[in-house]
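**Student:** I am sharing start_34.cif, which consists of mmCIF, C-alpha atoms and all ligand atoms:
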data_input
loop_
_atom_site.group_PDB
_atom_site.id
_atom_site.type_symbol
_atom_site.label_atom_id
_atom_site.label_comp_id
_atom_site.auth_asym_id
_atom_site.auth_seq_id
_atom_site.Cartn_x
_atom_site.Cartn_y
_atom_site.Cartn_z
ATOM 1 C CA MET H 32 110.814 117.657 79.090
ATOM 2 C CA ALA H 33 112.209 114.525 80.750
ATOM 3 C CA THR H 34 114.230 112.333 78.417
ATOM 4 C CA VAL H 35 112.783 108.967 77.554
ATOM 5 C CA GLN H 36 114.834 106.051 78.799
ATOM 6 C CA LYS H 37 115.698 103.792 75.886
ATOM 7 C CA ASP H 38 115.581 99.998 75.940
ATOM 8 C CA VAL H 39 113.917 99.537 79.332
ATOM 9 C CA VAL H 40 113.278 96.018 78.037
ATOM 10 C CA SER H 41 115.566 94.220 75.662
ATOM 11 C CA PHE H 42 115.408 90.748 74.186
ATOM 12 C CA GLN H 43 118.619 89.803 72.403
ATOM 13 C CA HIS H 44 118.645 86.563 70.410
ATOM 14 C CA VAL H 45 116.373 84.965 72.975
ATOM 15 C CA SER H 46 115.328 81.360 72.694
ATOM 16 C CA LYS H 47 113.154 79.507 75.138
ATOM 17 C CA VAL H 48 112.800 75.756 74.927
ATOM 18 C CA PHE H 49 110.569 73.797 77.295
ATOM 19 C CA ASN H 50 111.450 70.229 78.270
ATOM 20 C CA GLY H 51 114.178 70.140 75.648
ATOM 21 C CA GLU H 52 111.599 69.928 72.835
ATOM 22 C CA THR H 53 108.986 72.727 72.704
ATOM 23 C CA ILE H 54 110.559 75.790 71.124
ATOM 24 C CA ALA H 55 108.412 78.623 72.498
ATOM 25 C CA LEU H 56 110.733 81.422 71.333
ATOM 26 C CA SER H 57 113.523 81.321 68.767
ATOM 27 C CA ASP H 58 116.041 84.098 68.133
ATOM 28 C CA PHE H 59 113.599 86.681 69.484
ATOM 29 C CA ASN H 60 114.872 90.267 69.325
ATOM 30 C CA LEU H 61 113.023 93.355 70.577
ATOM 31 C CA SER H 62 113.780 96.586 72.427
ATOM 32 C CA ILE H 63 111.127 98.614 74.225
ATOM 33 C CA ASP H 64 111.469 102.223 75.386
ATOM 34 C CA GLU H 65 110.104 103.862 78.513
ATOM 35 C CA GLY H 66 106.488 104.968 78.212
ATOM 36 C CA GLU H 67 105.543 102.651 75.364
ATOM 37 C CA PHE H 68 102.285 100.745 75.347
ATOM 38 C CA LEU H 69 103.473 97.689 73.506
ATOM 39 C CA SER H 70 101.196 94.786 72.635
ATOM 40 C CA PHE H 71 102.391 91.299 71.774
ATOM 41 C CA LEU H 72 99.945 90.104 69.128
ATOM 42 C CA GLY H 73 99.916 86.610 67.703
ATOM 43 C CA PRO H 74 98.113 83.296 67.391
ATOM 44 C CA SER H 75 97.701 80.899 70.280
ATOM 45 C CA GLY H 76 100.952 79.217 71.255
ATOM 46 C CA CYS H 77 103.293 81.694 69.514
ATOM 47 C CA GLY H 78 105.118 82.490 72.752
ATOM 48 C CA LYS H 79 103.475 85.773 73.828
ATOM 49 C CA SER H 80 103.065 84.704 77.453
ATOM 50 C CA THR H 81 106.514 83.163 77.464
ATOM 51 C CA ALA H 82 108.033 86.479 76.349
ATOM 52 C CA LEU H 83 106.115 88.384 79.031
ATOM 53 C CA ARG H 84 107.019 85.890 81.739
ATOM 54 C CA LEU H 85 110.710 86.222 80.893
ATOM 55 C CA VAL H 86 110.405 89.997 81.440
ATOM 56 C CA ALA H 87 108.819 89.245 84.830
ATOM 57 C CA GLY H 88 111.725 86.990 85.775
ATOM 58 C CA LEU H 89 109.428 83.943 85.727
ATOM 59 C CA GLY H 90 111.844 81.492 84.144
ATOM 60 C CA ASN H 91 115.100 81.950 82.268
ATOM 61 C CA ALA H 92 115.922 82.223 78.591
ATOM 62 C CA THR H 93 117.451 79.031 77.225
ATOM 63 C CA GLN H 94 119.719 81.160 75.034
ATOM 64 C CA GLY H 95 120.265 84.888 74.619
ATOM 65 C CA THR H 96 119.658 87.736 77.034
ATOM 66 C CA VAL H 97 116.606 89.447 78.503
ATOM 67 C CA LYS H 98 117.225 92.679 80.368
ATOM 68 C CA VAL H 99 114.844 95.006 82.168
ATOM 69 C CA PHE H 100 116.135 98.449 83.151
ATOM 70 C CA ASN H 101 119.522 97.087 82.069
ATOM 71 C CA GLU H 102 119.451 94.351 84.698
ATOM 72 C CA PRO H 103 118.491 90.673 84.709
ATOM 73 C CA PRO H 104 114.704 90.614 85.330
ATOM 74 C CA LYS H 105 114.977 88.440 88.451
ATOM 75 C CA GLN H 106 117.212 91.033 90.065
ATOM 76 C CA ILE H 107 114.708 93.815 89.361
ATOM 77 C CA VAL H 108 111.823 91.755 90.717
ATOM 78 C CA GLN H 109 113.714 90.791 93.874
ATOM 79 C CA ASN H 110 115.089 94.238 94.654
ATOM 80 C CA THR H 111 112.434 96.694 93.477
ATOM 81 C CA ASN H 112 108.705 97.159 92.920
ATOM 82 C CA ASP H 113 109.351 98.373 89.392
ATOM 83 C CA ILE H 114 107.491 95.520 87.683
ATOM 84 C CA ALA H 115 103.920 94.378 88.322
ATOM 85 C CA PHE H 116 102.015 91.555 86.608
ATOM 86 C CA VAL H 117 98.300 91.271 85.834
ATOM 87 C CA PHE H 118 97.060 87.857 84.676
ATOM 88 C CA GLN H 119 93.877 86.905 82.825
ATOM 89 C CA ASP H 120 92.519 85.452 86.060
ATOM 90 C CA ALA H 121 92.209 88.159 88.713
ATOM 91 C CA ASN H 122 93.601 85.746 91.361
ATOM 92 C CA LEU H 123 91.938 87.433 94.333
ATOM 93 C CA LEU H 124 91.929 85.912 97.794
ATOM 94 C CA PRO H 125 88.245 85.115 98.477
ATOM 95 C CA TRP H 126 88.509 85.610 102.230
ATOM 96 C CA ARG H 127 89.916 89.125 101.955
ATOM 97 C CA THR H 128 87.911 92.243 101.116
ATOM 98 C CA VAL H 129 88.670 94.344 98.027
ATOM 99 C CA LEU H 130 90.748 96.727 100.145
ATOM 100 C CA ASP H 131 92.626 93.901 101.855
ATOM 101 C CA ASN H 132 93.377 92.231 98.513
ATOM 102 C CA VAL H 133 94.941 95.462 97.259
ATOM 103 C CA LEU H 134 96.804 95.908 100.538
ATOM 104 C CA LEU H 135 98.313 92.419 100.473
ATOM 105 C CA PRO H 136 101.447 93.123 98.388
ATOM 106 C CA LEU H 137 102.020 96.330 100.367
ATOM 107 C CA GLU H 138 101.738 94.445 103.667
ATOM 108 C CA LEU H 139 104.222 91.855 102.461
ATOM 109 C CA ARG H 140 106.657 94.653 101.695
ATOM 110 C CA GLY H 141 106.233 96.243 105.134
ATOM 111 C CA GLY H 142 106.109 99.947 105.972
ATOM 112 C CA ASN H 143 103.674 102.517 107.273
ATOM 113 C CA LYS H 144 100.174 101.024 107.439
ATOM 114 C CA LYS H 145 98.399 104.365 107.232
ATOM 115 C CA GLU H 146 100.323 105.303 104.074
ATOM 116 C CA GLN H 147 99.600 101.886 102.588
ATOM 117 C CA LYS H 148 95.866 102.276 103.166
ATOM 118 C CA LYS H 149 95.936 105.732 101.621
ATOM 119 C CA GLU H 150 97.686 104.382 98.544
ATOM 120 C CA ALA H 151 95.307 101.409 98.286
ATOM 121 C CA ILE H 152 92.288 103.748 98.412
ATOM 122 C CA ARG H 153 93.903 106.018 95.797
ATOM 123 C CA VAL H 154 94.315 103.194 93.293
ATOM 124 C CA LEU H 155 90.876 101.758 94.045
ATOM 125 C CA GLU H 156 89.434 105.181 93.371
ATOM 126 C CA MET H 157 91.348 105.286 90.090
ATOM 127 C CA VAL H 158 89.751 102.034 88.943
ATOM 128 C CA GLY H 159 86.291 103.184 90.061
ATOM 129 C CA LEU H 160 85.934 100.888 93.080
ATOM 130 C CA LYS H 161 86.018 103.313 95.984
ATOM 131 C CA GLU H 162 82.452 102.371 96.928
ATOM 132 C CA HIS H 163 83.305 98.659 97.034
ATOM 133 C CA VAL H 164 86.328 98.545 99.318
ATOM 134 C CA LYS H 165 84.525 96.379 101.883
ATOM 135 C CA ALA H 166 83.089 93.910 99.355
ATOM 136 C CA TYR H 167 84.392 90.361 98.990
ATOM 137 C CA PRO H 168 85.448 88.937 95.600
ATOM 138 C CA ARG H 169 82.332 86.716 95.411
ATOM 139 C CA GLN H 170 80.202 89.878 95.398
ATOM 140 C CA LEU H 171 81.974 91.324 92.335
ATOM 141 C CA SER H 172 81.434 90.954 88.595
ATOM 142 C CA GLY H 173 84.280 89.729 86.353
ATOM 143 C CA GLY H 174 85.082 93.297 85.305
ATOM 144 C CA MET H 175 85.194 94.484 88.907
ATOM 145 C CA LYS H 176 87.496 91.623 89.890
ATOM 146 C CA MET H 177 89.837 92.619 87.079
ATOM 147 C CA ARG H 178 89.749 96.228 88.321
ATOM 148 C CA VAL H 179 90.820 95.010 91.777
ATOM 149 C CA SER H 180 93.616 93.029 90.184
ATOM 150 C CA ILE H 181 94.806 96.127 88.292
ATOM 151 C CA ALA H 182 94.552 98.245 91.450
ATOM 152 C CA ARG H 183 96.602 95.671 93.362
ATOM 153 C CA ALA H 184 99.298 95.858 90.678
ATOM 154 C CA LEU H 185 99.285 99.671 90.708
ATOM 155 C CA ALA H 186 99.466 99.974 94.494
ATOM 156 C CA ALA H 187 103.188 99.268 94.502
ATOM 157 C CA LYS H 188 103.705 102.150 92.008
ATOM 158 C CA PRO H 189 105.434 100.036 89.356
ATOM 159 C CA LYS H 190 107.297 101.633 86.481
ATOM 160 C CA MET H 191 106.234 98.792 84.234
ATOM 161 C CA LEU H 192 102.978 96.879 84.045
ATOM 162 C CA LEU H 193 102.907 93.447 82.387
ATOM 163 C CA MET H 194 99.430 92.275 81.382
ATOM 164 C CA ASP H 195 98.713 88.792 80.026
ATOM 165 C CA GLU H 196 95.346 88.847 78.217
ATOM 166 C CA PRO H 197 93.760 90.660 81.164
ATOM 167 C CA PHE H 198 90.451 91.263 79.383
ATOM 168 C CA GLY H 199 90.271 87.919 77.561
ATOM 169 C CA ALA H 200 87.534 86.486 79.772
ATOM 170 C CA LEU H 201 85.325 89.598 79.829
ATOM 171 C CA ASP H 202 82.280 90.457 77.728
ATOM 172 C CA GLU H 203 82.783 92.987 74.921
ATOM 173 C CA ILE H 204 81.200 95.996 76.681
ATOM 174 C CA THR H 205 83.195 95.481 79.881
ATOM 175 C CA ARG H 206 86.333 94.888 77.835
ATOM 176 C CA GLN H 207 85.893 98.212 76.020
ATOM 177 C CA THR H 208 85.255 100.108 79.254
ATOM 178 C CA LEU H 209 88.368 98.639 80.830
ATOM 179 C CA GLN H 210 90.435 99.405 77.723
ATOM 180 C CA LEU H 211 89.492 103.077 78.062
ATOM 181 C CA GLU H 212 90.240 103.058 81.779
ATOM 182 C CA LEU H 213 93.576 101.370 81.208
ATOM 183 C CA LEU H 214 94.677 104.042 78.722
ATOM 184 C CA ASP H 215 93.717 106.660 81.282
ATOM 185 C CA ILE H 216 95.740 104.920 84.008
ATOM 186 C CA TRP H 217 98.716 104.457 81.676
ATOM 187 C CA LYS H 218 98.843 108.226 81.085
ATOM 188 C CA LYS H 219 98.213 109.199 84.712
ATOM 189 C CA GLU H 220 100.731 106.786 86.199
ATOM 190 C CA ASP H 221 103.343 107.388 83.527
ATOM 191 C CA MET H 222 104.162 103.715 83.033
ATOM 192 C CA THR H 223 105.461 101.396 80.360
ATOM 193 C CA ILE H 224 102.881 98.714 79.576
ATOM 194 C CA LEU H 225 103.514 95.346 77.900
ATOM 195 C CA PHE H 226 100.210 93.761 76.959
ATOM 196 C CA VAL H 227 99.491 90.308 75.526
ATOM 197 C CA THR H 228 96.495 89.822 73.254
ATOM 198 C CA HIS H 229 95.383 87.854 70.223
ATOM 199 C CA ASN H 230 92.740 90.474 69.424
ATOM 200 C CA VAL H 231 93.798 92.763 66.556
ATOM 201 C CA PHE H 232 91.259 95.506 67.425
ATOM 202 C CA GLU H 233 92.375 95.558 71.045
ATOM 203 C CA ALA H 234 96.036 95.762 70.030
ATOM 204 C CA VAL H 235 95.443 98.692 67.654
ATOM 205 C CA PHE H 236 93.169 100.556 70.068
ATOM 206 C CA LEU H 237 95.544 100.389 73.022
ATOM 207 C CA SER H 238 99.042 100.385 71.663
ATOM 208 C CA THR H 239 101.713 102.807 70.626
ATOM 209 C CA ARG H 240 103.420 99.804 69.007
ATOM 210 C CA ILE H 241 102.466 96.251 68.182
ATOM 211 C CA ALA H 242 104.907 93.359 68.097
ATOM 212 C CA VAL H 243 103.368 90.779 65.751
ATOM 213 C CA MET H 244 104.576 87.263 66.486
ATOM 214 C CA SER H 245 104.502 84.076 64.469
ATOM 215 C CA ALA H 246 104.218 80.587 65.895
ATOM 216 C CA ARG H 247 106.330 77.457 65.921
ATOM 217 C CA PRO H 248 108.847 78.639 66.700
ATOM 218 C CA GLY H 249 107.804 81.964 68.261
ATOM 219 C CA ARG H 250 109.516 84.773 66.412
ATOM 220 C CA LEU H 251 108.947 88.469 65.965
ATOM 221 C CA SER H 252 107.490 88.819 62.487
ATOM 222 C CA SER H 253 107.045 92.623 62.434
ATOM 223 C CA THR H 254 106.504 95.695 64.587
ATOM 224 C CA ILE H 255 103.850 98.279 63.785
ATOM 225 C CA ASP H 256 103.928 101.844 65.119
ATOM 226 C CA VAL H 257 100.339 102.880 65.788
ATOM 227 C CA GLU H 258 100.339 106.611 65.206
ATOM 228 C CA LEU H 259 96.797 107.329 66.321
ATOM 229 C CA PRO H 260 96.492 110.307 68.676
ATOM 230 C CA PHE H 261 95.751 110.097 72.410
ATOM 231 C CA PRO H 262 93.412 110.297 74.225
ATOM 232 C CA ARG H 263 91.659 107.617 72.210
ATOM 233 C CA GLN H 264 87.882 107.284 72.351
ATOM 234 C CA LEU H 265 85.873 104.217 71.350
ATOM 235 C CA SER H 266 84.584 106.131 68.322
ATOM 236 C CA ILE H 267 88.109 105.991 66.852
ATOM 237 C CA ARG H 268 87.268 102.419 65.758
ATOM 238 C CA THR H 269 85.166 103.748 62.901
ATOM 239 C CA ASN H 270 87.977 106.007 61.589
ATOM 240 C CA GLN H 271 89.631 105.040 58.338
ATOM 241 C CA LYS H 272 93.091 105.277 59.915
ATOM 242 C CA PHE H 273 92.101 102.854 62.660
ATOM 243 C CA THR H 274 90.733 100.422 60.079
ATOM 244 C CA ASP H 275 93.946 100.766 58.056
ATOM 245 C CA TYR H 276 96.027 99.779 61.101
ATOM 246 C CA VAL H 277 93.735 96.808 61.727
ATOM 247 C CA ASP H 278 94.296 95.733 58.096
ATOM 248 C CA VAL H 279 98.079 96.111 58.402
ATOM 249 C CA ALA H 280 98.162 94.104 61.641
ATOM 250 C CA SER H 281 95.821 91.417 60.228
ATOM 251 C CA ASP H 282 97.936 91.114 57.065
ATOM 252 C CA SER H 283 101.060 90.819 59.150
ATOM 253 C CA LEU H 284 99.436 88.065 61.224
ATOM 254 C CA GLU H 285 98.346 86.242 58.082
ATOM 255 C CA ASN H 286 101.778 86.523 56.473
ATOM 256 C CA SER H 287 103.439 85.199 59.574
ATOM 257 C CA SER H 288 101.213 82.103 59.543
ATOM 258 C CA GLU H 289 101.838 81.597 55.796
ATOM 259 C CA GLN H 290 105.579 81.762 56.430
ATOM 260 C CA ARG H 291 105.102 79.133 59.073
ATOM 261 C CA GLU H 292 103.320 76.814 56.650
ATOM 262 C CA LEU H 293 106.167 77.173 54.149
ATOM 263 C CA VAL H 294 108.786 76.130 56.709
HETATM 264 N N1 LIG R 1 105.710 75.651 81.315
HETATM 265 C C1 LIG R 1 105.657 75.120 80.095
HETATM 266 N N2 LIG R 1 106.031 73.855 79.875
HETATM 267 C C2 LIG R 1 106.007 73.310 78.638
HETATM 268 N N3 LIG R 1 105.592 73.975 77.537
HETATM 269 C C3 LIG R 1 105.194 75.243 77.695
HETATM 270 C C4 LIG R 1 105.198 75.885 78.969
HETATM 271 N N4 LIG R 1 104.739 77.161 78.815
HETATM 272 C C5 LIG R 1 104.471 77.306 77.506
HETATM 273 N N5 LIG R 1 104.740 76.173 76.831
HETATM 274 C C6 LIG R 1 104.594 75.964 75.378
HETATM 275 O O1 LIG R 1 105.292 77.014 74.730
HETATM 276 C C7 LIG R 1 104.561 77.462 73.586
HETATM 277 C C8 LIG R 1 104.258 78.949 73.736
HETATM 278 O O2 LIG R 1 103.343 79.110 74.806
HETATM 279 P P1 LIG R 1 102.813 80.542 75.282
HETATM 280 O O3 LIG R 1 101.878 80.303 76.420
HETATM 281 O O4 LIG R 1 103.944 81.440 75.499
HETATM 282 O O5 LIG R 1 102.000 81.019 73.995
HETATM 283 P P2 LIG R 1 100.922 82.179 73.842
HETATM 284 O O6 LIG R 1 101.216 82.839 72.549
HETATM 285 O O7 LIG R 1 100.891 83.025 75.048
HETATM 286 O O8 LIG R 1 99.573 81.335 73.718
HETATM 287 P P3 LIG R 1 98.049 81.700 74.152
HETATM 288 O O9 LIG R 1 97.614 82.880 73.337
HETATM 289 O O10 LIG R 1 97.296 80.452 73.806
HETATM 290 O O11 LIG R 1 98.089 81.973 75.629
HETATM 291 C C9 LIG R 1 103.319 76.590 73.497
HETATM 292 O O12 LIG R 1 103.566 75.536 72.611
HETATM 293 C C10 LIG R 1 103.157 76.073 74.915
HETATM 294 O O13 LIG R 1 102.504 74.828 74.926
#
With the file now loaded, output its structure as structure tokens.
Ligand SMILES: Nc1ncnc2c1ncn2[C@@H]1O[C@H](COP(=O)(O)OP(=O)(O)OP(=O)(O)O)[C@@H](O)[C@H]1O
**Tutor:**
Amino acid sequence: MATVQKDVVSFQHVSKVFNGETIALSDFNLSIDEGEFLSFLGPSGCGKSTALRLVAGLGNATQGTVKVFNEPPKQIVQNTNDIAFVFQDANLLPWRTVLDNVLLPLELRGGNKKEQKKEAIRVLEMVGLKEHVKAYPRQLSGGMKMRVSIARALAAKPKMLLMDEPFGALDEITRQTLQLELLDIWKKEDMTILFVTHNVFEAVFLSTRIAVMSARPGRLSSTIDVELPFPRQLSIRTNQKFTDYVDVASDSLENSSEQRELV
């Protein structure tokens, strides 16, 4: 069995201050191993997106160190395709077809066009959109647009997928379907996933570990190992163990906001 690479992401005493006054993160410490599905869970404004953006090399820590694969994130982003980002908004180019949207990052990278098309079709098939390669974004539902966005991120074969509330704007049924599909993709593609959410059920359902954050300033208040077996089906939500994890995560969220009020 291949050995798991430790600490593929590490935050060491990281602070992030915007405009010299908004403390988004304060003394934030966390290490993430290869293959984890780690969710950042916390109330609005607690710095979840800020933490994820630092991993993507979008901005610098004000203090402390963020490393990805033992390198500064910007270096990894500039020199490799190891990290891909999926935002809440699918951000598709309206004048390009589904296939051409997925091909875009591959085209920018250069290389064999035939291979690129093959890879784009493979990932579109994986997200269930093989029949819609010629469609334009305006012809797609919100869930389908998000699938294209995920396919576009996967096309570059990243080792790590960063997802910032990707299902936040979707209806509950679509959200659940995409959660199942995402777990499937995570296993098939053998990736590390960092996922931002403020939904406790989503965090427990998807994650191997949850990093619960507290706000003002954004700190790590606890981490929870979710030892529910994979593959996970939607029916797991009615299991006592699932409910117990939801209670633990909810309590942790509540405690972190109480601590905040006491400060
Ligand atoms: N570019 C920026 N300039 C100034 N302040 C910012 C910037 N980005 C984030 N902030 C502030 O930093 C804090 C943390 O924001 P962040 O978006 O990381 O939180 P979040 O937990 O992801 O919130 P949400 O769940 O609402 O998306 C907030 O107070 C926010 O207003």
**Student:** Mind listing the residues within 8 Å of ligand LIG 1 (chain R), only C-alpha atoms and all ligand atoms counted, as an NGL selection string?
**Tutor:** :H and (48-50 or 53-56 or 73-82 or 195-196 or 227-229 or 246-247 or 249)
**Student:** Kindly indicate which residue among H:Asn143, H:Gln43, H:Gln119, H:Asn132 lies nearest to H:Val99, using only C-alpha atoms for the distances.
**Tutor:**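 Once distances to H:Val99 are computed over only C-alpha atoms, the minimum belongs to H:Gln43.
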**Student:** Would you please work out which residue, of H:Leu61, H:Ala184, H:Val45, H:Met157, is nearest to H:Ser253 when using all atoms listed in the file?
**Tutor:** H:Leu61
**Student:** Which polymer residues have any atom within 8 Å of an atom of H:Thr128, counting only C-alpha atoms, with same-chain residues fewer than 5 positions away left out, as a PyMOL selection string?
**Tutor:** chain H and resi 164-168
**Student:** Please build the interface table for stretch 53-136 of chain H against stretch 254-268 of chain H with a cut-off of 12 Å, listing for each qualifying residue the nearest atom pair and the distance in Å to one decimal; count only C-alpha atoms, order rows by chain and increasing number, and write it as a Markdown table.
**Tutor:**
| residue | atom | partner | partner_atom | distance |
| --- | --- | --- | --- | --- |
| H:Asn60 | CA | H:Thr254 | CA | 11.0 |
| H:Leu61 | CA | H:Thr254 | CA | 9.2 |
| H:Ser62 | CA | H:Thr254 | CA | 10.7 |
| H:Ile63 | CA | H:Thr254 | CA | 11.1 |
| H:Glu67 | CA | H:Asp256 | CA | 10.4 |
| H:Phe68 | CA | H:Val257 | CA | 10.0 |
| H:Leu69 | CA | H:Asp256 | CA | 9.4 |
| H:Ser70 | CA | H:Thr254 | CA | 9.7 |
| H:Phe71 | CA | H:Thr254 | CA | 9.4 |
| H:Leu72 | CA | H:Thr254 | CA | 9.7 |
| H:Gly73 | CA | H:Thr254 | CA | 11.6 |
**Student:** Determine the residue membership of the PyMOL selection byres (((chain H and resi 284) around 8) and not hetatm) for the file above and supply it as a list in words.
**Tutor:**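 Checking the PyMOL selection byres (((chain H and resi 284) around 8) and not hetatm) against this file, the residues are Gly73, Pro74, Val243, Met244, Ser245, Ala280, Ser281, Asp282, Ser283, Glu285, Asn286, Ser287 and Ser288 of chain H.
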**Student:** Find the residues around H:Val179 up to 8 Å (only C-alpha atoms counted), leave out those fewer than 2 positions away in its own chain, and share them as a PyMOL selection string.
**Tutor:** chain H and resi 121+129+132-133+155+158+160+175-177+181-183
